[in-house]
$ cat work-v6.pdb   # PDB, C-alpha atoms and all ligand atoms
ATOM      1  CA  MET A 222       0.000   0.000   0.000  1.00  0.00           C
ATOM      2  CA  GLY A 223       3.036   2.237  -0.242  1.00  0.00           C
ATOM      3  CA  ARG A 224       3.330   2.726   3.461  1.00  0.00           C
ATOM      4  CA  ASP A 225       6.781   3.405   4.802  1.00  0.00           C
ATOM      5  CA  PHE A 226       6.094   2.678   8.436  1.00  0.00           C
ATOM      6  CA  ARG A 227       4.155   0.313  10.603  1.00  0.00           C
ATOM      7  CA  TRP A 228       3.346   0.344  14.278  1.00  0.00           C
ATOM      8  CA  LEU A 229       4.879  -2.070  16.723  1.00  0.00           C
ATOM      9  CA  PRO A 230       4.461  -2.365  20.485  1.00  0.00           C
ATOM     10  CA  HIS A 231       7.862  -2.031  22.151  1.00  0.00           C
ATOM     11  CA  THR A 232       8.839  -1.286  25.769  1.00  0.00           C
ATOM     12  CA  GLY A 233       5.412  -0.130  26.834  1.00  0.00           C
ATOM     13  CA  ARG A 234       4.678   2.106  23.853  1.00  0.00           C
ATOM     14  CA  ARG A 235       3.487   1.639  20.317  1.00  0.00           C
ATOM     15  CA  HIS A 236       6.331   2.807  18.131  1.00  0.00           C
ATOM     16  CA  ALA A 237       6.577   3.252  14.394  1.00  0.00           C
ATOM     17  CA  ILE A 238       9.210   1.269  12.527  1.00  0.00           C
ATOM     18  CA  SER A 239      10.192   1.102   8.891  1.00  0.00           C
ATOM     19  CA  THR A 240       8.312  -1.461   6.845  1.00  0.00           C
ATOM     20  CA  ASP A 241      11.714  -2.497   5.490  1.00  0.00           C
ATOM     21  CA  LEU A 242      12.426  -4.118   8.856  1.00  0.00           C
ATOM     22  CA  LEU A 243      11.545  -7.783   8.810  1.00  0.00           C
ATOM     23  CA  PRO A 244      10.988 -10.081  11.792  1.00  0.00           C
ATOM     24  CA  GLY A 245      14.351 -10.850  13.355  1.00  0.00           C
ATOM     25  CA  ASP A 246      15.956  -7.701  11.973  1.00  0.00           C
ATOM     26  CA  THR A 247      17.811  -5.307  14.211  1.00  0.00           C
ATOM     27  CA  GLY A 248      16.740  -1.749  13.648  1.00  0.00           C
ATOM     28  CA  GLN A 249      15.322   1.231  15.406  1.00  0.00           C
ATOM     29  CA  THR A 250      12.036   2.951  15.921  1.00  0.00           C
ATOM     30  CA  LEU A 251      11.271   6.353  14.461  1.00  0.00           C
ATOM     31  CA  CYS A 252      12.220   7.859  17.821  1.00  0.00           C
ATOM     32  CA  ALA A 253      15.615   6.143  17.539  1.00  0.00           C
ATOM     33  CA  LEU A 254      15.022   3.372  20.073  1.00  0.00           C
ATOM     34  CA  PRO A 255      17.005   0.280  19.136  1.00  0.00           C
ATOM     35  CA  LEU A 256      14.922  -2.853  18.768  1.00  0.00           C
ATOM     36  CA  ILE A 257      14.866  -6.315  17.304  1.00  0.00           C
ATOM     37  CA  VAL A 258      11.698  -6.920  15.328  1.00  0.00           C
ATOM     38  CA  PRO A 259       9.859  -9.784  17.030  1.00  0.00           C
ATOM     39  CA  ARG A 260       9.325 -12.903  14.966  1.00  0.00           C
ATOM     40  CA  ARG A 261       5.853 -13.407  16.271  1.00  0.00           C
ATOM     41  CA  SER A 262       3.100 -10.856  16.528  1.00  0.00           C
ATOM     42  CA  PRO A 263       2.988  -9.183  19.952  1.00  0.00           C
ATOM     43  CA  PRO A 264       0.102 -10.140  22.257  1.00  0.00           C
ATOM     44  CA  LYS A 265      -3.129  -8.250  21.706  1.00  0.00           C
ATOM     45  CA  THR A 266      -2.796  -6.426  25.011  1.00  0.00           C
ATOM     46  CA  ASP A 267       0.452  -4.831  23.841  1.00  0.00           C
ATOM     47  CA  TRP A 268      -1.459  -3.026  21.113  1.00  0.00           C
ATOM     48  CA  CYS A 269      -3.329  -1.155  23.821  1.00  0.00           C
ATOM     49  CA  TRP A 270      -0.148   0.568  24.910  1.00  0.00           C
ATOM     50  CA  PRO A 271      -0.072   4.320  24.376  1.00  0.00           C
ATOM     51  CA  THR A 272       1.341   5.585  21.107  1.00  0.00           C
ATOM     52  CA  CYS A 273       4.855   6.924  21.344  1.00  0.00           C
ATOM     53  CA  PRO A 274       4.467  10.700  20.831  1.00  0.00           C
ATOM     54  CA  ASP A 275       7.851  10.993  19.136  1.00  0.00           C
ATOM     55  CA  CYS A 276       7.100   8.275  16.624  1.00  0.00           C
ATOM     56  CA  ASP A 277       3.664   9.753  16.063  1.00  0.00           C
ATOM     57  CA  LEU A 278       5.181  13.147  15.329  1.00  0.00           C
ATOM     58  CA  HIS A 279       7.798  11.729  12.941  1.00  0.00           C
ATOM     59  CA  TRP A 280       5.219   9.628  11.200  1.00  0.00           C
ATOM     60  CA  ARG A 281       2.809  12.516  10.779  1.00  0.00           C
ATOM     61  CA  ARG A 282       5.599  14.714   9.460  1.00  0.00           C
ATOM     62  CA  HIS A 283       6.556  12.059   6.972  1.00  0.00           C
ATOM     63  CA  GLU A 284       2.981  11.529   5.848  1.00  0.00           C
ATOM     64  CA  GLY A 285       2.258  15.232   5.778  1.00  0.00           C
ATOM     65  CA  ILE A 286      -0.422  14.982   8.454  1.00  0.00           C
ATOM     66  CA  PRO A 287      -0.605  17.941  10.821  1.00  0.00           C
ATOM     67  CA  PRO A 288       0.310  16.973  14.373  1.00  0.00           C
ATOM     68  CA  TYR A 289      -2.484  16.531  16.882  1.00  0.00           C
ATOM     69  CA  PRO A 290      -3.510  18.534  18.780  1.00  0.00           C
ATOM     70  CA  ARG A 291      -3.163  20.951  15.927  1.00  0.00           C
ATOM     71  CA  PRO A 292      -1.091  23.964  16.708  1.00  0.00           C
ATOM     72  CA  HIS A 293      -3.358  26.971  17.077  1.00  0.00           C
ATOM     73  CA  GLY A 294      -0.802  29.639  16.679  1.00  0.00           C
ATOM     74  CA  HIS A 295       2.007  30.158  19.106  1.00  0.00           C
ATOM     75  CA  PRO A 296       1.316  29.434  22.771  1.00  0.00           C
ATOM     76  CA  SER A 297       2.205  33.000  23.663  1.00  0.00           C
ATOM     77  CA  THR A 298      -0.349  34.431  21.226  1.00  0.00           C
ATOM     78  CA  GLN A 299      -2.998  32.203  22.789  1.00  0.00           C
ATOM     79  CA  ALA A 300      -2.169  33.627  26.180  1.00  0.00           C
ATOM     80  CA  LEU A 301      -2.521  37.116  24.740  1.00  0.00           C
ATOM     81  CA  GLN A 302      -5.931  36.343  23.285  1.00  0.00           C
ATOM     82  CA  GLY A 303      -7.218  34.800  26.471  1.00  0.00           C
ATOM     83  CA  ALA A 304      -6.161  37.429  28.948  1.00  0.00           C
ATOM     84  CA  PRO A 305      -7.672  40.888  28.643  1.00  0.00           C
ATOM     85  CA  ALA A 306      -5.046  43.554  28.817  1.00  0.00           C
ATOM     86  CA  PRO A 307      -5.035  45.147  32.231  1.00  0.00           C
ATOM     87  CA  ARG A 308      -6.125  48.715  31.813  1.00  0.00           C
ATOM     88  CA  GLN A 309      -5.546  51.400  34.281  1.00  0.00           C
ATOM     89  CA  SER A 310      -8.352  53.813  34.863  1.00  0.00           C
ATOM     90  CA  THR A 311      -8.503  56.527  32.266  1.00  0.00           C
ATOM     91  CA  THR A 312      -9.243  59.259  34.729  1.00  0.00           C
ATOM     92  CA  PRO A 313      -6.423  61.751  34.726  1.00  0.00           C
ATOM     93  CA  THR A 314      -4.426  62.043  37.875  1.00  0.00           C
ATOM     94  CA  PRO A 315      -5.544  65.186  39.627  1.00  0.00           C
ATOM     95  CA  ARG A 316      -2.902  67.786  39.761  1.00  0.00           C
ATOM     96  CA  VAL A 317      -2.441  69.533  43.012  1.00  0.00           C
ATOM     97  CA  SER A 318      -1.626  73.079  42.207  1.00  0.00           C
ATOM     98  CA  PRO A 319       0.003  75.119  44.907  1.00  0.00           C
TER      99      PRO A 319
HETATM  100 ZN    ZN B   1       8.795   5.784  19.478  1.00  0.00          ZN
END

$ encode --input "work-v6.pdb" --output "structure tokens"
Amino acid sequence: MGRDFRWLPHTGRRHAISTDLLPGDTGQTLCALPLIVPRRSPPKTDWCWPTCPDCDLHWRRHEGIPPYPRPHGHPSTQALQGAPAPRQSTTPTPRVSP
């Protein structure tokens, strides 16, 4: 199907590995963790492990999928939108004339 990566449970996370890696091969995940591709399919429960965020990011970048959650501008701009600018009262300071 022209996919370059597949997902594989490894050390408590689901990592992405190259589809070129065959069972028994020594390689590494997309997040650069060394691994040996297991010869038998991992147990079903392993597939419930959380997705490795690094592999997810690399994979999305490769596939041209925007990362999730989608960046909504820069974090600092969000803070600016959320917080109303503190305004001092517009009343002029009374001048005490001698
Ligand atoms: Zn990973």

$ closest_residue --input "work-v6.pdb" --among "A:Arg261, A:Pro288, A:Cys252, A:Arg316" --to "A:Arg234" --atoms "all atoms listed in the file"
A:Cys252

$ residues_near_ligand --input "work-v6.pdb" --ligand "ligand ZN 1 (chain B)" --cutoff "12 Å" --atoms "only C-alpha atoms and all ligand atoms" --output "PyMOL selection string"
chain A and resi 226-239+249-256+270-280

$ write_last_selection --input "work-v6.pdb" --atoms "C-alpha atoms" --output "PDB file, in the coordinates of the input"
ATOM      1  CA  PHE A 226       6.094   2.678   8.436  1.00  0.00           C
ATOM      2  CA  ARG A 227       4.155   0.313  10.603  1.00  0.00           C
ATOM      3  CA  TRP A 228       3.346   0.344  14.278  1.00  0.00           C
ATOM      4  CA  LEU A 229       4.879  -2.070  16.723  1.00  0.00           C
ATOM      5  CA  PRO A 230       4.461  -2.365  20.485  1.00  0.00           C
ATOM      6  CA  HIS A 231       7.862  -2.031  22.151  1.00  0.00           C
ATOM      7  CA  THR A 232       8.839  -1.286  25.769  1.00  0.00           C
ATOM      8  CA  GLY A 233       5.412  -0.130  26.834  1.00  0.00           C
ATOM      9  CA  ARG A 234       4.678   2.106  23.853  1.00  0.00           C
ATOM     10  CA  ARG A 235       3.487   1.639  20.317  1.00  0.00           C
ATOM     11  CA  HIS A 236       6.331   2.807  18.131  1.00  0.00           C
ATOM     12  CA  ALA A 237       6.577   3.252  14.394  1.00  0.00           C
ATOM     13  CA  ILE A 238       9.210   1.269  12.527  1.00  0.00           C
ATOM     14  CA  SER A 239      10.192   1.102   8.891  1.00  0.00           C
ATOM     15  CA  GLN A 249      15.322   1.231  15.406  1.00  0.00           C
ATOM     16  CA  THR A 250      12.036   2.951  15.921  1.00  0.00           C
ATOM     17  CA  LEU A 251      11.271   6.353  14.461  1.00  0.00           C
ATOM     18  CA  CYS A 252      12.220   7.859  17.821  1.00  0.00           C
ATOM     19  CA  ALA A 253      15.615   6.143  17.539  1.00  0.00           C
ATOM     20  CA  LEU A 254      15.022   3.372  20.073  1.00  0.00           C
ATOM     21  CA  PRO A 255      17.005   0.280  19.136  1.00  0.00           C
ATOM     22  CA  LEU A 256      14.922  -2.853  18.768  1.00  0.00           C
ATOM     23  CA  TRP A 270      -0.148   0.568  24.910  1.00  0.00           C
ATOM     24  CA  PRO A 271      -0.072   4.320  24.376  1.00  0.00           C
ATOM     25  CA  THR A 272       1.341   5.585  21.107  1.00  0.00           C
ATOM     26  CA  CYS A 273       4.855   6.924  21.344  1.00  0.00           C
ATOM     27  CA  PRO A 274       4.467  10.700  20.831  1.00  0.00           C
ATOM     28  CA  ASP A 275       7.851  10.993  19.136  1.00  0.00           C
ATOM     29  CA  CYS A 276       7.100   8.275  16.624  1.00  0.00           C
ATOM     30  CA  ASP A 277       3.664   9.753  16.063  1.00  0.00           C
ATOM     31  CA  LEU A 278       5.181  13.147  15.329  1.00  0.00           C
ATOM     32  CA  HIS A 279       7.798  11.729  12.941  1.00  0.00           C
ATOM     33  CA  TRP A 280       5.219   9.628  11.200  1.00  0.00           C
TER      34      TRP A 280
END

$ atom_distance --input "work-v6.pdb" --atom1 "atom CA of A:Arg224" --atom2 "atom CA of A:Val258"
17.4 Å

$ closest_residue --input "work-v6.pdb" --among "A:Ser318, A:Ser262, A:Glu284, A:Trp268" --to "A:Asp225" --atoms "all atoms listed in the file"
A:Glu284

$ closest_residue --input "work-v6.pdb" --among "A:Pro287, A:Arg281, A:Thr240, A:Gly245" --to "A:Ile257" --atoms "all atoms listed in the file"
A:Gly245

$ atom_distance --input "work-v6.pdb" --atom1 "atom CA of A:Lys265" --atom2 "atom CA of A:Asp246"
21.4 Å

$ atom_distance --input "work-v6.pdb" --atom1 "atom CA of A:Pro244" --atom2 "atom CA of A:Pro259"
5.4 Å

$ axis_aligned_box --input "work-v6.pdb" --around "stretch 231-234 of chain A" --padding-each-side "5 Å" --output "AutoDock Vina command-line options"
--center_x 6.8 --center_y 0.0 --center_z 24.5 --size_x 14.2 --size_y 14.1 --size_z 14.7

$ closest_residue --input "work-v6.pdb" --among "A:Cys269, A:Ile286, A:Arg260, A:Pro315" --to "A:Thr247" --atoms "all atoms listed in the file"
A:Arg260

$ build_atoms --input "work-v6.pdb" --residues "stretch 231-262 of chain A" --atoms "N, CA and C atoms" --output "mmCIF file, in the coordinates of the input"
data_model
loop_
_atom_site.group_PDB
_atom_site.id
_atom_site.type_symbol
_atom_site.label_atom_id
_atom_site.label_comp_id
_atom_site.auth_asym_id
_atom_site.auth_seq_id
_atom_site.Cartn_x
_atom_site.Cartn_y
_atom_site.Cartn_z
ATOM 1 N N HIS A 231 6.479 -1.838 21.709
ATOM 2 C CA HIS A 231 7.862 -2.031 22.151
ATOM 3 C C HIS A 231 8.081 -1.224 23.424
ATOM 4 N N THR A 232 8.546 -1.903 24.461
ATOM 5 C CA THR A 232 8.839 -1.286 25.769
ATOM 6 C C THR A 232 7.717 -0.362 26.253
ATOM 7 N N GLY A 233 6.513 -0.866 26.224
ATOM 8 C CA GLY A 233 5.412 -0.130 26.834
ATOM 9 C C GLY A 233 4.781 0.943 25.979
ATOM 10 N N ARG A 234 5.249 1.095 24.755
ATOM 11 C CA ARG A 234 4.678 2.106 23.853
ATOM 12 C C ARG A 234 4.496 1.470 22.484
ATOM 13 N N ARG A 235 3.605 2.060 21.716
ATOM 14 C CA ARG A 235 3.487 1.639 20.317
ATOM 15 C C ARG A 235 4.352 2.572 19.492
ATOM 16 N N HIS A 236 5.392 2.019 18.919
ATOM 17 C CA HIS A 236 6.331 2.807 18.131
ATOM 18 C C HIS A 236 6.131 2.521 16.648
ATOM 19 N N ALA A 237 6.602 3.449 15.837
ATOM 20 C CA ALA A 237 6.577 3.252 14.394
ATOM 21 C C ALA A 237 7.955 2.760 13.948
ATOM 22 N N ILE A 238 7.951 1.761 13.092
ATOM 23 C CA ILE A 238 9.210 1.269 12.527
ATOM 24 C C ILE A 238 9.069 1.214 11.009
ATOM 25 N N SER A 239 10.202 1.167 10.343
ATOM 26 C CA SER A 239 10.192 1.102 8.891
ATOM 27 C C SER A 239 9.628 -0.242 8.435
ATOM 28 N N THR A 240 8.858 -0.211 7.363
ATOM 29 C CA THR A 240 8.312 -1.461 6.845
ATOM 30 C C THR A 240 9.402 -2.322 6.213
ATOM 31 N N ASP A 241 10.594 -1.711 6.022
ATOM 32 C CA ASP A 241 11.714 -2.497 5.490
ATOM 33 C C ASP A 241 12.232 -3.501 6.511
ATOM 34 N N LEU A 242 11.942 -3.227 7.805
ATOM 35 C CA LEU A 242 12.426 -4.118 8.856
ATOM 36 C C LEU A 242 11.574 -5.381 8.882
ATOM 37 N N LEU A 243 12.244 -6.499 8.799
ATOM 38 C CA LEU A 243 11.545 -7.783 8.810
ATOM 39 C C LEU A 243 11.734 -8.444 10.170
ATOM 40 N N PRO A 244 10.838 -9.379 10.515
ATOM 41 C CA PRO A 244 10.988 -10.081 11.792
ATOM 42 C C PRO A 244 12.393 -10.657 11.952
ATOM 43 N N GLY A 245 12.994 -10.386 13.095
ATOM 44 C CA GLY A 245 14.351 -10.850 13.355
ATOM 45 C C GLY A 245 15.405 -9.810 13.045
ATOM 46 N N ASP A 246 15.006 -8.761 12.320
ATOM 47 C CA ASP A 246 15.956 -7.701 11.973
ATOM 48 C C ASP A 246 16.260 -6.824 13.187
ATOM 49 N N THR A 247 17.453 -6.310 13.214
ATOM 50 C CA THR A 247 17.811 -5.307 14.211
ATOM 51 C C THR A 247 17.655 -3.940 13.554
ATOM 52 N N GLY A 248 16.940 -3.077 14.225
ATOM 53 C CA GLY A 248 16.740 -1.749 13.648
ATOM 54 C C GLY A 248 16.423 -0.779 14.746
ATOM 55 N N GLN A 249 15.722 0.268 14.384
ATOM 56 C CA GLN A 249 15.322 1.231 15.406
ATOM 57 C C GLN A 249 13.973 1.811 15.053
ATOM 58 N N THR A 250 13.327 2.317 16.106
ATOM 59 C CA THR A 250 12.036 2.951 15.921
ATOM 60 C C THR A 250 12.248 4.337 15.334
ATOM 61 N N LEU A 251 11.153 4.990 15.002
ATOM 62 C CA LEU A 251 11.271 6.353 14.461
ATOM 63 C C LEU A 251 11.846 7.307 15.497
ATOM 64 N N CYS A 252 11.665 6.994 16.781
ATOM 65 C CA CYS A 252 12.220 7.859 17.821
ATOM 66 C C CYS A 252 13.601 7.360 18.237
ATOM 67 N N ALA A 253 14.216 6.554 17.381
ATOM 68 C CA ALA A 253 15.615 6.143 17.539
ATOM 69 C C ALA A 253 15.853 5.186 18.709
ATOM 70 N N LEU A 254 14.816 4.423 19.077
ATOM 71 C CA LEU A 254 15.022 3.372 20.073
ATOM 72 C C LEU A 254 15.479 2.116 19.339
ATOM 73 N N PRO A 255 16.582 1.514 19.783
ATOM 74 C CA PRO A 255 17.005 0.280 19.136
ATOM 75 C C PRO A 255 16.042 -0.855 19.465
ATOM 76 N N LEU A 256 15.790 -1.705 18.512
ATOM 77 C CA LEU A 256 14.922 -2.853 18.768
ATOM 78 C C LEU A 256 15.228 -3.975 17.789
ATOM 79 N N ILE A 257 14.816 -5.167 18.203
ATOM 80 C CA ILE A 257 14.866 -6.315 17.304
ATOM 81 C C ILE A 257 13.412 -6.657 16.991
ATOM 82 N N VAL A 258 13.086 -6.676 15.722
ATOM 83 C CA VAL A 258 11.698 -6.920 15.328
ATOM 84 C C VAL A 258 11.320 -8.343 15.742
ATOM 85 N N PRO A 259 10.257 -8.459 16.554
ATOM 86 C CA PRO A 259 9.859 -9.784 17.030
ATOM 87 C C PRO A 259 9.380 -10.681 15.881
ATOM 88 N N ARG A 260 9.697 -11.963 16.029
ATOM 89 C CA ARG A 260 9.325 -12.903 14.966
ATOM 90 C C ARG A 260 7.853 -13.252 15.011
ATOM 91 N N ARG A 261 7.281 -13.133 16.190
ATOM 92 C CA ARG A 261 5.853 -13.407 16.271
ATOM 93 C C ARG A 261 5.118 -12.137 16.662
ATOM 94 N N SER A 262 3.888 -12.051 16.255
ATOM 95 C CA SER A 262 3.100 -10.856 16.528
ATOM 96 C C SER A 262 2.962 -10.667 18.039
#
